[in-house]
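Structure data follow from target.txt (compact mmCIF, C-alpha atoms and all ligand atoms):
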# COMPACT_ATOMS: atom_id res chain seq x y z
CA MET A 1440 15.56 42.41 -11.13
CA TYR A 1441 12.07 43.34 -12.29
CA PRO A 1442 11.24 43.93 -15.14
CA LEU A 1443 14.16 41.96 -16.60
CA ARG A 1444 12.82 38.93 -14.82
CA ARG A 1445 9.12 38.38 -15.13
CA ASN A 1446 8.16 34.94 -13.84
CA ARG A 1447 4.85 35.10 -15.65
CA ARG A 1448 6.67 34.68 -19.00
CA LEU A 1449 6.99 31.00 -18.18
CA ARG A 1450 3.27 30.73 -17.46
CA LYS A 1451 1.85 32.51 -20.45
CA SER A 1452 0.42 29.56 -22.41
CA GLU A 1453 -0.19 25.86 -21.90
CA SER A 1454 2.63 25.10 -24.35
CA VAL A 1455 5.12 27.15 -22.35
CA ARG A 1456 3.86 25.79 -19.03
CA SER A 1457 4.19 22.28 -20.36
CA LEU A 1458 7.74 23.00 -21.61
CA VAL A 1459 8.94 24.08 -18.17
CA ARG A 1460 6.88 21.66 -16.08
CA GLU A 1461 9.08 20.03 -13.42
CA THR A 1462 6.94 17.04 -12.46
CA ARG A 1463 4.89 14.78 -14.70
CA LEU A 1464 2.63 11.90 -13.80
CA SER A 1465 2.72 8.74 -15.84
CA PRO A 1466 0.84 5.44 -15.47
CA SER A 1467 4.15 3.74 -14.64
CA ASP A 1468 4.33 5.77 -11.40
CA PHE A 1469 1.43 3.87 -9.92
CA LEU A 1470 0.98 0.82 -7.79
CA VAL A 1471 -2.67 -0.29 -7.82
CA PRO A 1472 -4.08 -1.69 -4.56
CA LEU A 1473 -6.58 -4.51 -5.15
CA PHE A 1474 -8.94 -6.22 -2.70
CA ILE A 1475 -9.63 -9.90 -3.27
CA VAL A 1476 -12.52 -12.01 -1.92
CA GLU A 1477 -13.58 -15.62 -2.18
CA GLY A 1478 -16.33 -16.62 -4.58
CA LYS A 1479 -17.14 -16.39 -8.27
CA SER A 1480 -18.16 -13.35 -10.33
CA VAL A 1481 -18.01 -11.18 -7.21
CA ARG A 1482 -17.54 -7.46 -7.65
CA GLU A 1483 -18.60 -6.05 -4.31
CA ALA A 1484 -18.89 -2.32 -3.72
CA ILE A 1485 -17.17 -0.91 -0.62
CA PRO A 1486 -19.52 1.76 0.78
CA SER A 1487 -16.80 3.95 2.30
CA MET A 1488 -14.71 3.74 -0.89
CA PRO A 1489 -17.07 4.76 -3.71
CA GLY A 1490 -15.93 3.32 -7.04
CA TYR A 1491 -13.75 0.65 -5.41
CA TYR A 1492 -14.59 -3.06 -5.25
CA ARG A 1493 -13.69 -6.37 -3.72
CA LEU A 1494 -13.03 -8.82 -6.53
CA SER A 1495 -13.17 -12.60 -6.78
CA LEU A 1496 -10.32 -14.28 -8.66
CA ASP A 1497 -12.14 -14.35 -12.04
CA GLN A 1498 -12.91 -10.63 -11.71
CA LEU A 1499 -9.31 -10.01 -10.66
CA ALA A 1500 -8.13 -11.49 -13.96
CA LYS A 1501 -10.46 -9.17 -15.84
CA GLU A 1502 -9.36 -6.15 -13.83
CA VAL A 1503 -5.68 -6.89 -14.32
CA ARG A 1504 -6.12 -7.04 -18.12
CA GLU A 1505 -7.83 -3.67 -18.02
CA LEU A 1506 -5.12 -2.13 -15.82
CA TRP A 1507 -2.42 -3.43 -18.15
CA SER A 1508 -4.16 -1.89 -21.17
CA LEU A 1509 -4.08 1.46 -19.35
CA GLY A 1510 -0.32 1.21 -18.84
CA LEU A 1511 -0.59 0.28 -15.17
CA SER A 1512 2.03 -2.38 -14.54
CA SER A 1513 2.16 -2.96 -10.77
CA VAL A 1514 -0.44 -4.19 -8.30
CA LEU A 1515 -0.50 -4.54 -4.53
CA LEU A 1516 -2.77 -7.33 -3.32
CA PHE A 1517 -4.90 -7.53 -0.16
CA VAL A 1518 -7.34 -10.26 0.81
CA LYS A 1519 -10.59 -10.29 2.74
CA VAL A 1520 -10.57 -13.45 4.80
CA PRO A 1521 -13.82 -15.17 5.91
CA ASP A 1522 -14.35 -15.14 9.70
CA ASP A 1523 -14.13 -18.92 10.05
CA LEU A 1524 -10.55 -18.84 8.73
CA LYS A 1525 -9.37 -16.21 11.23
CA ASP A 1526 -7.43 -17.04 14.38
CA ASN A 1527 -4.84 -15.37 16.60
CA MET A 1528 -1.80 -16.96 14.94
CA GLY A 1529 -2.42 -16.26 11.25
CA LYS A 1530 -2.58 -19.95 10.33
CA GLU A 1531 -4.48 -19.22 7.10
CA ALA A 1532 -1.85 -16.63 6.14
CA ILE A 1533 0.67 -19.41 5.47
CA ASN A 1534 -1.72 -21.67 3.55
CA PRO A 1535 0.02 -22.22 0.19
CA ASN A 1536 -3.43 -22.51 -1.43
CA GLY A 1537 -4.91 -19.54 0.43
CA LEU A 1538 -6.69 -16.69 -1.30
CA MET A 1539 -3.60 -14.44 -1.46
CA GLN A 1540 -1.44 -17.18 -2.91
CA MET A 1541 -4.15 -17.98 -5.51
CA ALA A 1542 -4.52 -14.29 -6.32
CA VAL A 1543 -0.79 -13.99 -7.04
CA LYS A 1544 -1.01 -16.97 -9.41
CA THR A 1545 -4.10 -15.52 -11.08
CA VAL A 1546 -2.37 -12.22 -11.82
CA LYS A 1547 0.79 -13.93 -13.07
CA ASP A 1548 -1.20 -16.35 -15.27
CA THR A 1549 -3.22 -13.48 -16.72
CA CYS A 1550 -0.47 -10.97 -17.16
CA PRO A 1551 3.03 -12.39 -16.57
CA ASP A 1552 4.79 -9.02 -16.76
CA MET A 1553 2.56 -7.35 -14.18
CA VAL A 1554 4.62 -6.59 -11.05
CA VAL A 1555 2.88 -8.33 -8.16
CA MET A 1556 3.36 -7.12 -4.61
CA THR A 1557 1.65 -8.74 -1.64
CA ASP A 1558 0.64 -7.28 1.68
CA VAL A 1559 2.36 -9.12 4.51
CA ALA A 1560 0.66 -8.63 7.89
CA LEU A 1561 -1.68 -10.66 10.04
CA ASP A 1562 -4.60 -8.24 10.38
CA PRO A 1563 -6.90 -9.66 7.67
CA TYR A 1564 -6.30 -13.12 9.18
CA SER A 1565 -6.55 -12.07 12.83
CA ILE A 1566 -9.60 -12.61 15.05
CA ASN A 1567 -8.30 -9.60 16.96
CA GLY A 1568 -7.83 -7.34 13.95
CA HIS A 1569 -4.17 -6.82 14.77
CA ASP A 1570 -1.09 -7.06 12.60
CA GLY A 1571 0.48 -9.49 15.04
CA ILE A 1572 -0.23 -12.25 17.51
CA VAL A 1573 -1.99 -10.91 20.63
CA GLU A 1574 -1.23 -12.21 24.10
CA LYS A 1575 -2.46 -10.64 27.35
CA GLY A 1576 -3.25 -7.33 25.67
CA ARG A 1577 0.14 -7.12 23.94
CA ILE A 1578 1.18 -7.59 20.34
CA LEU A 1579 4.02 -10.12 20.30
CA ASN A 1580 6.94 -9.04 18.12
CA ASP A 1581 9.32 -11.92 17.44
CA GLU A 1582 6.65 -14.64 17.29
CA THR A 1583 4.76 -12.52 14.74
CA VAL A 1584 7.88 -11.92 12.67
CA ASN A 1585 8.41 -15.66 12.28
CA VAL A 1586 4.89 -16.08 10.87
CA LEU A 1587 5.45 -13.13 8.51
CA ALA A 1588 8.59 -14.80 7.18
CA GLU A 1589 6.69 -18.05 6.52
CA MET A 1590 3.90 -16.08 4.91
CA SER A 1591 6.40 -14.31 2.66
CA ILE A 1592 7.80 -17.63 1.48
CA THR A 1593 4.33 -18.78 0.36
CA HIS A 1594 3.87 -15.51 -1.53
CA ALA A 1595 7.26 -15.92 -3.20
CA GLU A 1596 6.42 -19.52 -4.12
CA ALA A 1597 3.18 -18.33 -5.70
CA GLY A 1598 5.20 -15.90 -7.84
CA ALA A 1599 5.12 -12.56 -6.04
CA ASP A 1600 7.81 -10.13 -7.25
CA PHE A 1601 7.86 -8.21 -3.96
CA VAL A 1602 6.49 -8.91 -0.52
CA ALA A 1603 5.34 -5.81 1.31
CA PRO A 1604 5.40 -6.11 5.10
CA SER A 1605 2.93 -3.56 6.48
CA ASP A 1606 2.95 -4.71 10.10
CA MET A 1607 5.62 -2.47 11.69
CA MET A 1608 7.08 -5.24 13.88
CA ASP A 1609 10.77 -4.77 14.65
CA GLY A 1610 13.24 -6.84 12.66
CA ARG A 1611 10.76 -8.22 10.16
CA VAL A 1612 12.65 -7.09 7.08
CA LEU A 1613 15.81 -8.94 8.15
CA THR A 1614 13.93 -12.11 9.12
CA ILE A 1615 11.97 -12.10 5.85
CA ARG A 1616 15.14 -11.43 3.80
CA GLU A 1617 16.98 -14.29 5.49
CA ALA A 1618 14.05 -16.66 4.99
CA LEU A 1619 13.78 -15.74 1.30
CA GLU A 1620 17.51 -16.30 0.80
CA GLU A 1621 17.40 -19.62 2.62
CA GLU A 1622 14.62 -20.84 0.30
CA GLY A 1623 16.43 -19.61 -2.81
CA PHE A 1624 14.14 -16.65 -3.51
CA TYR A 1625 17.03 -14.24 -3.92
CA ASN A 1626 15.15 -12.37 -6.67
CA THR A 1627 12.05 -11.75 -4.61
CA GLY A 1628 12.21 -8.19 -3.31
CA ILE A 1629 10.95 -6.49 -0.20
CA MET A 1630 9.00 -3.27 -0.24
CA SER A 1631 8.83 -2.27 3.38
CA TYR A 1632 6.15 -0.06 4.87
CA SER A 1633 8.95 1.64 6.77
CA ALA A 1634 7.36 4.81 8.09
CA LYS A 1635 3.83 3.70 8.67
CA TYR A 1636 1.94 5.99 11.00
CA ALA A 1637 -0.86 5.11 13.44
CA SER A 1638 -3.22 7.09 11.26
CA ALA A 1639 -6.95 7.72 11.52
CA PHE A 1640 -7.09 7.61 7.72
CA TYR A 1641 -7.21 3.79 7.48
CA GLY A 1642 -10.91 3.44 8.37
CA PRO A 1643 -12.33 2.69 4.91
CA PHE A 1644 -9.60 0.08 4.28
CA ARG A 1645 -10.56 -1.69 7.50
CA ASP A 1646 -14.18 -1.67 6.26
CA ALA A 1647 -13.01 -3.16 2.97
CA LEU A 1648 -11.19 -6.06 4.63
CA ASP A 1649 -13.21 -6.26 7.84
CA SER A 1650 -9.87 -5.96 9.65
CA ALA A 1651 -10.34 -3.31 12.35
CA PRO A 1652 -9.06 -4.07 15.87
CA VAL A 1653 -11.93 -5.75 17.72
CA ASP A 1654 -13.59 -4.34 20.82
CA LYS A 1655 -13.05 -7.33 23.08
CA GLY A 1656 -11.48 -7.86 26.51
CA ASP A 1657 -7.92 -6.61 26.77
CA VAL A 1658 -7.32 -6.40 23.00
CA PRO A 1659 -5.89 -2.92 22.26
CA LYS A 1660 -8.36 -0.78 20.26
CA HIS A 1661 -5.56 0.91 18.34
CA LYS A 1662 -2.22 0.07 16.73
CA LYS A 1663 -0.10 2.72 18.47
CA SER A 1664 2.26 0.20 20.07
CA TYR A 1665 3.62 -0.67 16.63
CA GLN A 1666 2.61 2.01 14.12
CA MET A 1667 4.30 5.41 14.43
CA ASP A 1668 3.16 8.53 16.24
CA PRO A 1669 2.10 11.16 13.65
CA ALA A 1670 4.07 13.73 15.64
CA ASN A 1671 7.42 12.11 14.81
CA ARG A 1672 9.90 12.88 12.05
CA LEU A 1673 13.30 11.61 13.19
CA GLU A 1674 11.77 8.26 14.03
CA ALA A 1675 10.77 7.89 10.37
CA LEU A 1676 14.40 8.30 9.36
CA ARG A 1677 15.45 5.65 11.88
CA GLU A 1678 12.83 3.22 10.59
CA VAL A 1679 13.83 3.79 6.98
CA THR A 1680 17.58 3.46 7.51
CA MET A 1681 17.13 0.32 9.62
CA ASP A 1682 14.87 -1.27 7.00
CA ILE A 1683 17.43 -0.55 4.29
CA ASP A 1684 20.18 -2.06 6.45
CA GLU A 1685 17.98 -5.12 6.99
CA GLY A 1686 17.55 -5.57 3.24
CA ALA A 1687 14.55 -3.55 2.05
CA ASP A 1688 14.69 -2.87 -1.71
CA ILE A 1689 11.97 -0.21 -1.61
CA VAL A 1690 10.85 1.82 1.40
CA MET A 1691 7.46 3.41 1.92
CA VAL A 1692 5.84 6.31 3.72
CA LYS A 1693 2.18 5.96 4.64
CA PRO A 1694 -0.26 7.81 4.56
CA GLY A 1695 0.50 10.33 1.82
CA LEU A 1696 -0.74 13.90 1.97
CA CYS A 1697 -0.26 14.61 5.68
CA TYR A 1698 3.28 13.23 5.52
CA LEU A 1699 4.84 14.89 2.47
CA ASP A 1700 7.46 16.59 4.67
CA ILE A 1701 8.61 13.11 5.70
CA VAL A 1702 8.62 12.02 2.06
CA ARG A 1703 10.89 14.88 1.03
CA GLU A 1704 13.24 14.32 3.91
CA ILE A 1705 13.58 10.60 3.22
CA ARG A 1706 14.02 11.21 -0.52
CA ASP A 1707 16.90 13.58 0.30
CA THR A 1708 18.47 11.13 2.76
CA VAL A 1709 18.46 7.63 1.24
CA ASN A 1710 19.18 6.20 -2.20
CA VAL A 1711 16.62 3.42 -2.63
CA PRO A 1712 13.27 3.83 -4.42
CA LEU A 1713 10.64 5.50 -2.25
CA ALA A 1714 6.95 4.61 -2.37
CA VAL A 1715 4.13 6.66 -0.89
CA TYR A 1716 0.74 5.17 -0.04
CA GLN A 1717 -2.16 7.55 -0.51
CA VAL A 1718 -4.53 5.67 1.78
CA SER A 1719 -8.22 4.83 1.86
CA GLY A 1720 -9.27 7.80 4.01
CA GLU A 1721 -7.60 10.21 1.60
CA TYR A 1722 -9.52 8.59 -1.26
CA ALA A 1723 -12.81 8.64 0.68
CA MET A 1724 -12.45 12.34 1.59
CA LEU A 1725 -12.28 13.44 -2.03
CA LYS A 1726 -15.07 11.10 -3.14
CA ALA A 1727 -17.31 12.42 -0.36
CA ALA A 1728 -16.59 16.07 -1.18
CA VAL A 1729 -17.30 15.38 -4.86
CA GLU A 1730 -20.61 13.67 -3.94
CA LYS A 1731 -21.55 16.82 -2.05
CA GLY A 1732 -20.66 18.92 -5.07
CA TRP A 1733 -17.97 20.76 -3.11
CA LEU A 1734 -14.87 19.75 -5.09
CA ASP A 1735 -14.10 19.01 -8.74
CA HIS A 1736 -12.85 15.42 -8.89
CA ASP A 1737 -10.19 15.18 -11.57
CA PRO A 1738 -8.28 18.43 -10.92
CA VAL A 1739 -8.15 17.76 -7.18
CA MET A 1740 -7.08 14.14 -7.74
CA LEU A 1741 -4.31 15.18 -10.13
CA GLU A 1742 -3.13 18.00 -7.85
CA GLN A 1743 -2.83 15.54 -4.98
CA LEU A 1744 -0.99 12.95 -7.05
CA VAL A 1745 1.45 15.42 -8.59
CA SER A 1746 2.14 16.83 -5.12
CA ILE A 1747 3.06 13.38 -3.87
CA LYS A 1748 5.45 12.95 -6.78
CA ARG A 1749 6.89 16.47 -6.40
CA ALA A 1750 7.55 15.72 -2.72
CA GLY A 1751 9.82 12.89 -3.85
CA ALA A 1752 7.78 9.72 -4.36
CA ASP A 1753 9.12 7.36 -7.02
CA ILE A 1754 6.11 5.06 -6.68
CA ILE A 1755 2.57 6.09 -5.74
CA ALA A 1756 0.23 3.48 -4.31
CA SER A 1757 -3.21 4.98 -4.85
CA TYR A 1758 -6.85 4.01 -5.26
CA PHE A 1759 -6.97 6.77 -7.87
CA ALA A 1760 -4.43 4.97 -10.09
CA LYS A 1761 -6.94 3.73 -12.64
CA GLU A 1762 -8.82 7.03 -12.89
CA ALA A 1763 -5.54 8.90 -13.17
CA ALA A 1764 -4.27 6.56 -15.90
CA GLN A 1765 -7.56 6.99 -17.79
CA PHE A 1766 -7.15 10.74 -17.53
CA LEU A 1767 -3.52 10.63 -18.68
CA GLN A 1768 -4.35 8.55 -21.79
C1 LIG B 1801 -2.62 -3.37 7.56
C2 LIG B 1801 -2.74 -2.37 6.50
C3 LIG B 1801 -3.52 -1.22 6.61
C4 LIG B 1801 -3.43 -0.55 5.41
C5 LIG B 1801 -2.58 -1.28 4.58
N1 LIG B 1801 -2.16 -2.41 5.27
C6 LIG B 1801 -4.42 -0.75 7.70
C7 LIG B 1801 -3.94 -0.75 9.08
O1 LIG B 1801 -2.76 -0.68 9.37
O2 LIG B 1801 -4.83 -0.86 9.92
C8 LIG B 1801 -4.16 0.73 5.14
C9 LIG B 1801 -4.36 1.12 3.75
C10 LIG B 1801 -5.39 2.16 3.53
O3 LIG B 1801 -5.98 2.75 4.46
O4 LIG B 1801 -5.64 2.42 2.36
N2 LIG B 1801 -1.51 -4.14 7.62
Show me this structure written as structure tokens.
Amino acid sequence: MYPLRRNRRLRKSESVRSLVRETRLSPSDFLVPLFIVEGKSVREAIPSMPGYYRLSLDQLAKEVRELWSLGLSSVLLFVKVPDDLKDNMGKEAINPNGLMQMAVKTVKDTCPDMVVMTDVALDPYSINGHDGIVEKGRILNDETVNVLAEMSITHAEAGADFVAPSDMMDGRVLTIREALEEEGFYNTGIMSYSAKYASAFYGPFRDALDSAPVDKGDVPKHKKSYQMDPANRLEALREVTMDIDEGADIVMVKPGLCYLDIVREIRDTVNVPLAVYQVSGEYAMLKAAVEKGWLDHDPVMLEQLVSIKRAGADIIASYFAKEAAQFLQ
């Protein structure tokens, strides 16, 4: 075919490259994770996540206004719970006036059109640092799922648009869906962390929320009995199809970069929106390399984000969302 076909013709200038570009990032692709803490005027740096902060509710309001002005229209909320409110059962998780529930109201009062998603799992509330209730060294499934359903109702009551179960218990999507229907929240959606792997990339997040599994007695030091084995592909498809059957509106793959083969396969298999979570360890790796002077921040960030989208993500949850939106402006 050469020289009739010369692929470099389509690369010869930025205008031509831009004309034939297949994937474009836009601020509306992003879901912005936010960490909330108790207190007033708190904007606490997270050492393993340079440039990221824990925010008190007043600071959250400020942040949300800024995100909105950058064209970022969806947030995913996480809370850091004080030790004295933690237990094994997640009692504080279902407090209608708890920090998460107040955070949802704060965002909705500040910016009513902002899409608010809430993390649903027990780990920030757990004295054991597990996503479920622990008994005799095991993570209880069905008992945990019932608490998650109650928790979801309080988030829906506070005004959440989507609840996002990140716990990987079996059957939680169905139980949450049924509970939401029963309480009349038929417009509250579920974004399920469907294919969530037992990844070593979650470390900085666990620093941010002080939510790592504790080193105590027979409490498991890892989450491998509920999160997925990184070696598995078919299992991700089973998780995703089951979650959709149970009523998930959006499914998610997590982490991002190491799992883009899974992302593509799911995108080609199912017909609901697919989210990808580029997690804390992925963020920390780039920040650390940039601090060392070994990588150039913005081009690497954008290459990673566009790769996630090219692999098939409709929604990208990323700690880079704000920096990317600033760049795209
Ligand atoms: C826990 C949860 C985790 C993350 C989101 N929800 C950590 C874990 O499973 O231990 C990780 C996010 C990140 O690393 O950025 N339910």
What lies within 8 Å of Tyr1641 (chain A) using all atoms listed in the file, ignoring chain neighbours under 5 positions off, as a ChimeraX atom specification? /A:1718-1720
Write a file of the just-selected residues containing C-alpha atoms, as a PDB file, keeping the file's coordinate frame.
ATOM      1  CA  VAL A1718      -4.530   5.670   1.780  1.00  0.00           C
ATOM      2  CA  SER A1719      -8.220   4.830   1.860  1.00  0.00           C
ATOM      3  CA  GLY A1720      -9.270   7.800   4.010  1.00  0.00           C
TER       4      GLY A1720
END
Grab all the atoms of ligand LIG 1801 (chain B) that the file lists, wrap them in a box along x, y and z, add 8 Å per side, and give me centre plus edge lengths in Å (one decimal) as AutoDock Vina command-line options.
--center_x -3.7 --center_y -0.7 --center_z 6.1 --size_x 20.5 --size_y 22.9 --size_z 23.6
Environment of ligand LIG 1801 (chain B) within 6 Å, counting only C-alpha atoms and all ligand atoms, reported as a PyMOL selection string: chain A and resi 1560+1562+1570+1605-1606+1640-1641+1644+1718-1719
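Proximity of A:Ala1651, A:Thr1557, A:Glu1596, A:Asn1536 to Ile1629 (chain A), computed with all atoms listed in the file, is greatest for A:Thr1557.
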Atom-to-atom span, CA of Val1745 (chain A) and CA of Asp1688 (chain A), Å: 23.6 Å
Quick one: which region 1637-1698 of chain A residues come within 12 Å of region 1461-1474 of chain A, and what is the nearest atom pair for each with the distance in Å to one decimal, counting all atoms listed in the file, rows ordered by chain and ascending number, as CSV?
residue,atom,partner,partner_atom,distance
A:Phe1644,CA,A:Phe1474,CA,9.4
A:Arg1645,CA,A:Phe1474,CA,11.3
A:Asp1646,CA,A:Phe1474,CA,11.3
A:Ala1647,CA,A:Phe1474,CA,7.6
A:Leu1648,CA,A:Phe1474,CA,7.7
A:Asp1649,CA,A:Phe1474,CA,11.4
A:Met1691,CA,A:Leu1470,CA,12.0
Expected file: the selected residues, C-alpha atoms, as a tab-separated table (two decimals), in the frame of the given file:
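Result file follows (again.tsv):
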chain	number	residue	atom	x	y	z
A	1644	PHE	CA	-9.60	0.08	4.28
A	1645	ARG	CA	-10.56	-1.69	7.50
A	1646	ASP	CA	-14.18	-1.67	6.26
A	1647	ALA	CA	-13.01	-3.16	2.97
A	1648	LEU	CA	-11.19	-6.06	4.63
A	1649	ASP	CA	-13.21	-6.26	7.84
A	1691	MET	CA	7.46	3.41	1.92
Extract region 1453-1481 of chain A from the structure I just pasted (atoms: N, CA and C atoms) and return it as an mmCIF file, in the first residue's frame.
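Generated output (selection20.cif):
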data_model
loop_
_atom_site.group_PDB
_atom_site.id
_atom_site.type_symbol
_atom_site.label_atom_id
_atom_site.label_comp_id
_atom_site.auth_asym_id
_atom_site.auth_seq_id
_atom_site.Cartn_x
_atom_site.Cartn_y
_atom_site.Cartn_z
ATOM 1 N N GLU A 1453 -0.678 19.888 14.512
ATOM 2 C CA GLU A 1453 -1.616 19.774 15.633
ATOM 3 C C GLU A 1453 -3.058 19.887 15.128
ATOM 4 N N SER A 1454 -3.290 20.709 14.115
ATOM 5 C CA SER A 1454 -4.659 20.855 13.606
ATOM 6 C C SER A 1454 -5.153 19.543 13.015
ATOM 7 N N VAL A 1455 -4.308 18.867 12.251
ATOM 8 C CA VAL A 1455 -4.721 17.587 11.670
ATOM 9 C C VAL A 1455 -4.893 16.540 12.770
ATOM 10 N N ARG A 1456 -3.932 16.505 13.693
ATOM 11 C CA ARG A 1456 -4.033 15.518 14.787
ATOM 12 C C ARG A 1456 -5.325 15.729 15.571
ATOM 13 N N SER A 1457 -5.653 16.987 15.785
ATOM 14 C CA SER A 1457 -6.849 17.278 16.562
ATOM 15 C C SER A 1457 -8.120 16.889 15.780
ATOM 16 N N LEU A 1458 -8.049 17.043 14.450
ATOM 17 C CA LEU A 1458 -9.202 16.684 13.599
ATOM 18 C C LEU A 1458 -9.503 15.188 13.659
ATOM 19 N N VAL A 1459 -8.466 14.372 13.759
ATOM 20 C CA VAL A 1459 -8.668 12.919 13.689
ATOM 21 C C VAL A 1459 -8.572 12.241 15.064
ATOM 22 N N ARG A 1460 -8.495 13.067 16.105
ATOM 23 C CA ARG A 1460 -8.343 12.494 17.458
ATOM 24 C C ARG A 1460 -9.576 11.681 17.836
ATOM 25 N N GLU A 1461 -9.367 10.489 18.355
ATOM 26 C CA GLU A 1461 -10.479 9.564 18.636
ATOM 27 C C GLU A 1461 -11.059 9.727 20.033
ATOM 28 N N THR A 1462 -10.261 10.209 20.955
ATOM 29 C CA THR A 1462 -10.703 10.284 22.354
ATOM 30 C C THR A 1462 -10.393 11.665 22.893
ATOM 31 N N ARG A 1463 -11.361 12.283 23.516
ATOM 32 C CA ARG A 1463 -11.150 13.610 24.094
ATOM 33 C C ARG A 1463 -11.612 13.642 25.528
ATOM 34 N N LEU A 1464 -10.823 14.259 26.378
ATOM 35 C CA LEU A 1464 -11.219 14.413 27.777
ATOM 36 C C LEU A 1464 -12.029 15.686 27.929
ATOM 37 N N SER A 1465 -13.017 15.620 28.810
ATOM 38 C CA SER A 1465 -13.775 16.830 29.119
ATOM 39 C C SER A 1465 -14.070 16.814 30.621
ATOM 40 N N PRO A 1466 -14.243 17.993 31.226
ATOM 41 C CA PRO A 1466 -14.507 18.022 32.673
ATOM 42 C C PRO A 1466 -15.709 17.155 33.067
ATOM 43 N N SER A 1467 -16.660 16.998 32.151
ATOM 44 C CA SER A 1467 -17.854 16.219 32.499
ATOM 45 C C SER A 1467 -17.575 14.718 32.569
ATOM 46 N N ASP A 1468 -16.366 14.292 32.196
ATOM 47 C CA ASP A 1468 -15.999 12.870 32.356
ATOM 48 C C ASP A 1468 -15.738 12.510 33.809
ATOM 49 N N PHE A 1469 -15.458 13.528 34.630
ATOM 50 C CA PHE A 1469 -14.847 13.231 35.928
ATOM 51 C C PHE A 1469 -15.824 13.188 37.097
ATOM 52 N N LEU A 1470 -15.440 12.324 38.015
ATOM 53 C CA LEU A 1470 -16.098 12.217 39.314
ATOM 54 C C LEU A 1470 -14.992 12.565 40.311
ATOM 55 N N VAL A 1471 -15.241 13.566 41.147
ATOM 56 C CA VAL A 1471 -14.185 14.059 42.043
ATOM 57 C C VAL A 1471 -14.325 13.453 43.439
ATOM 58 N N PRO A 1472 -13.362 12.636 43.880
ATOM 59 C CA PRO A 1472 -13.426 12.113 45.243
ATOM 60 C C PRO A 1472 -13.091 13.230 46.233
ATOM 61 N N LEU A 1473 -13.845 13.306 47.324
ATOM 62 C CA LEU A 1473 -13.580 14.320 48.359
ATOM 63 C C LEU A 1473 -13.585 13.672 49.733
ATOM 64 N N PHE A 1474 -12.626 14.078 50.563
ATOM 65 C CA PHE A 1474 -12.497 13.553 51.928
ATOM 66 C C PHE A 1474 -12.999 14.597 52.921
ATOM 67 N N ILE A 1475 -13.924 14.198 53.767
ATOM 68 C CA ILE A 1475 -14.536 15.133 54.709
ATOM 69 C C ILE A 1475 -14.120 14.792 56.141
ATOM 70 N N VAL A 1476 -13.834 15.847 56.928
ATOM 71 C CA VAL A 1476 -13.548 15.654 58.368
ATOM 72 C C VAL A 1476 -14.424 16.578 59.211
ATOM 73 N N GLU A 1477 -14.512 16.230 60.487
ATOM 74 C CA GLU A 1477 -15.210 17.103 61.429
ATOM 75 C C GLU A 1477 -14.393 18.374 61.647
ATOM 76 N N GLY A 1478 -15.059 19.394 62.189
ATOM 77 C CA GLY A 1478 -14.354 20.615 62.559
ATOM 78 C C GLY A 1478 -14.766 21.805 61.713
ATOM 79 N N LYS A 1479 -14.063 22.920 61.941
ATOM 80 C CA LYS A 1479 -14.351 24.150 61.205
ATOM 81 C C LYS A 1479 -13.074 24.679 60.579
ATOM 82 N N SER A 1480 -13.189 25.190 59.372
ATOM 83 C CA SER A 1480 -12.029 25.748 58.648
ATOM 84 C C SER A 1480 -10.859 24.780 58.575
ATOM 85 N N VAL A 1481 -11.162 23.487 58.460
ATOM 86 C CA VAL A 1481 -10.088 22.494 58.370
ATOM 87 C C VAL A 1481 -9.803 22.175 56.905
#
